[in-house]
Amino acid sequence: MAILLSGRDLARRIEAEAKERAAAFGDEPPGLAVVLAGDDPASRGYVRSKRKACARNGIESHLVEMPPDSTQQAVLAEIAALNSDTSVDAILCQLPLPSGISPSVVASAVDPSKDVDGFHPMNVGRLWRGEDCLLPCTPAGIMRLLSEYGIKPEGRHAVVLGRSTIVGKPMAAMLLAANATVTVAHSRTADLQSLCRSADILVSAVGVPGLIRGSWVREGAVVIDVGTTYVDGSPRGDVLFEEVEPVASHLSPVPGGVGPLTIAMLMSNTVRCRAGRGARGSA
Ligand code: GUN
């Protein structure tokens, strides 16, 4: 029987810490700007949750809504304005962006010191060089979750399923920085099942419900489920819970595992961006 890794409890604690740090800025609280371009209903929901989290933690949120037919130039103009707005400490451009807008061009336009997602090439480079930087929220939350439960990646084989810029690649970099031996697998990887069975720590971020079966997991492995796919209105993870739970030593459930940590880390990163900017008058 696996120990369930509760992201909910940890997220509450991370938010409480962010709230306390935010309050210390008095009448110059941290400010997070969210750019929402397009009308993707899931993105709308995520942005609503992020703004609610700001409100409950004493962080000012600014919403920049843009229509689905927005041009890349228009998005870049909004980002340039937010870069020079001294009341904005942190900028998040919600993905996915409407077709025709390059997420990498947009990420590169954000001031690296306001890059709360850690997607700017300077922060990505620093992460891979093992330097201090703003870290992408979901994998940073997973590292906190591992640490919270006393799971040490050092010397262990970590297999990361998925190579996205948001989760897979930064997750691999963070596990590597923690001295794990890391393999990144993806849709073209041969014999995924055998590779997964060789993992001491398996992180799945592919969005294929039930992909990870019990037979894919080594006895006693740590399994982190980052997939959240809505099937008939209910969230489903990449891991087939009922088969994997008896085999794994630790397992993050869906919902209630990794999910709540993303927003908590966003709050924490926003406070960090604010702290890096000092008093407003000196900006
Ligand atoms: N869309 C899904 N996850 C994320 C995230 O972590 N950051 C941004 N900006 N967009 C997302």
# chains A, B, ... in the order shown; residues from 1 in each chain; ligands from 1
call {"tool": "residues_near_ligand", "arguments": {"ligand": "ligand 1", "cutoff": "7 Å", "atoms": "only C-alpha atoms and all ligand atoms", "output": "PyMOL selection string"}}
result
chain A and resi 43+92-96+117+136-138+166+262
call {"tool": "residues_around", "arguments": {"residues": "Leu135 of chain A", "least_positions_apart": "6", "cutoff": "12 Å", "atoms": "only C-alpha atoms", "output": "ChimeraX atom specification"}}
result
/A:112-128,141-144,165-167,169-171,173-174,262,265-266,268-270,272-273
call {"tool": "closest_residue", "arguments": {"among": "A:Pro153, A:Pro255, A:Pro41, A:Gly31", "to": "Ser87 of chain A", "atoms": "only C-alpha atoms"}}
result
A:Gly31
call {"tool": "closest_residue", "arguments": {"among": "A:Gly45, A:Gly210, A:Pro246, A:Gly58", "to": "Arg21 of chain A", "atoms": "only C-alpha atoms"}}
result
A:Gly58
call {"tool": "residues_around", "arguments": {"residues": "Gly220 of chain A", "least_positions_apart": "5", "cutoff": "12 Å", "atoms": "only C-alpha atoms", "output": "list in words"}}
result
Met1, Ala2, Ile3, Arg197, Ser198, Ala199, Asp200, Ile201, Leu202, Gly214, Val244, Glu245, Pro246, Val247, Ala248, Ser249, His250 and Leu251 of chain A
call {"tool": "write_last_selection", "arguments": {"atoms": "C-alpha atoms", "output": "compact mmCIF listing (two decimals), in the first residue's frame"}}
result
# COMPACT_ATOMS: atom_id res chain seq x y z
CA MET A 1 0.00 0.00 0.00
CA ALA A 2 1.45 3.31 -1.09
CA ILE A 3 1.78 6.39 1.09
CA ARG A 197 9.90 -0.40 -14.60
CA SER A 198 13.53 0.64 -14.16
CA ALA A 199 12.52 3.87 -12.38
CA ASP A 200 13.02 4.47 -8.67
CA ILE A 201 11.12 7.74 -9.15
CA LEU A 202 8.59 7.91 -11.98
CA GLY A 214 0.67 -1.69 -12.20
CA VAL A 244 -0.29 1.18 -9.06
CA GLU A 245 -1.25 1.97 -5.46
CA PRO A 246 -0.50 -1.58 -4.19
CA VAL A 247 2.93 -1.60 -5.92
CA ALA A 248 4.36 1.89 -5.31
CA SER A 249 5.88 3.04 -2.01
CA HIS A 250 4.55 6.58 -2.55
CA LEU A 251 1.95 7.86 -5.02
call {"tool": "atom_distance", "arguments": {"atom1": "atom CA of Glu148 of chain A", "atom2": "atom CA of Glu131 of chain A"}}
result
22.2 Å
call {"tool": "closest_residue", "arguments": {"among": "A:Ala33, A:Asn57, A:Thr86, A:Pro139", "to": "Leu261 of chain A", "atoms": "only C-alpha atoms"}}
result
A:Pro139
call {"tool": "residues_around", "arguments": {"residues": "Asp111 of chain A", "least_positions_apart": "5", "cutoff": "10 Å", "atoms": "only C-alpha atoms", "output": "PyMOL selection string"}}
result
chain A and resi 79-80+82-84+89-91+116+120+122
call {"tool": "closest_residue", "arguments": {"among": "A:Gly100, A:Gly207, A:Pro30, A:Gly259", "to": "Gly168 of chain A", "atoms": "only C-alpha atoms"}}
result
A:Gly207
call {"tool": "select_by_dssp", "arguments": {"residues": "segment 9-239 of chain A", "states": "alpha helix (DSSP H)", "output": "PyMOL selection string"}}
result
chain A and resi 9-23+41-56+72-83+103-109+121-128+137-148+168-177+192-197
call {"tool": "closest_residue", "arguments": {"among": "A:Gly233, A:Gly155, A:Gly150, A:Gly276", "to": "Asn179 of chain A", "atoms": "only C-alpha atoms"}}
result
A:Gly155
call {"tool": "closest_residue", "arguments": {"among": "A:Cys196, A:Val239, A:Leu145, A:Ala172", "to": "Ala221 of chain A", "atoms": "only C-alpha atoms"}}
result
A:Cys196
call {"tool": "residues_around", "arguments": {"residues": "Arg51 of chain A", "least_positions_apart": "2", "cutoff": "10 Å", "atoms": "only C-alpha atoms", "output": "ChimeraX atom specification"}}
result
/A:32-34,46-49,53-57,59-63,263
call {"tool": "write_last_selection", "arguments": {"atoms": "C-alpha atoms", "output": "compact mmCIF listing (two decimals), in the first residue's frame"}}
result
# COMPACT_ATOMS: atom_id res chain seq x y z
CA LEU A 32 0.95 39.48 -10.49
CA ALA A 33 -0.21 40.25 -14.03
CA VAL A 34 -1.91 37.46 -15.97
CA TYR A 46 -7.14 28.18 -14.34
CA VAL A 47 -6.77 31.96 -14.49
CA ARG A 48 -9.81 32.39 -12.23
CA SER A 49 -8.22 30.00 -9.69
CA ALA A 53 -5.34 32.54 -4.82
CA CYS A 54 -3.85 36.03 -5.18
CA ALA A 55 -6.85 37.54 -3.39
CA ARG A 56 -6.63 35.14 -0.44
CA ASN A 57 -2.88 35.69 -0.06
CA ILE A 59 -1.27 39.61 -3.74
CA GLU A 60 -2.65 42.13 -6.24
CA SER A 61 -3.69 40.57 -9.52
CA HIS A 62 -4.00 42.38 -12.82
CA LEU A 63 -5.83 40.62 -15.64
CA ILE A 263 -0.85 27.63 -7.71
call {"tool": "atom_distance", "arguments": {"atom1": "atom CA of Asp9 of chain A", "atom2": "atom CA of Arg274 of chain A"}}
result
24.9 Å
call {"tool": "atom_distance", "arguments": {"atom1": "atom CA of Met66 of chain A", "atom2": "atom CA of Val35 of chain A"}}
result
7.5 Å
call {"tool": "residues_around", "arguments": {"residues": "Thr183 of chain A", "least_positions_apart": "5", "cutoff": "7 Å", "atoms": "only C-alpha atoms", "output": "list in words"}}
result
Ala158, Val159 and Val160 of chain A
call {"tool": "select_by_dssp", "arguments": {"residues": "segment 39-232 of chain A", "states": "strand (DSSP E)", "output": "ChimeraX atom specification"}}
result
/A:60-66,90-93,157-161,181-185,201-204,222-225,229-231
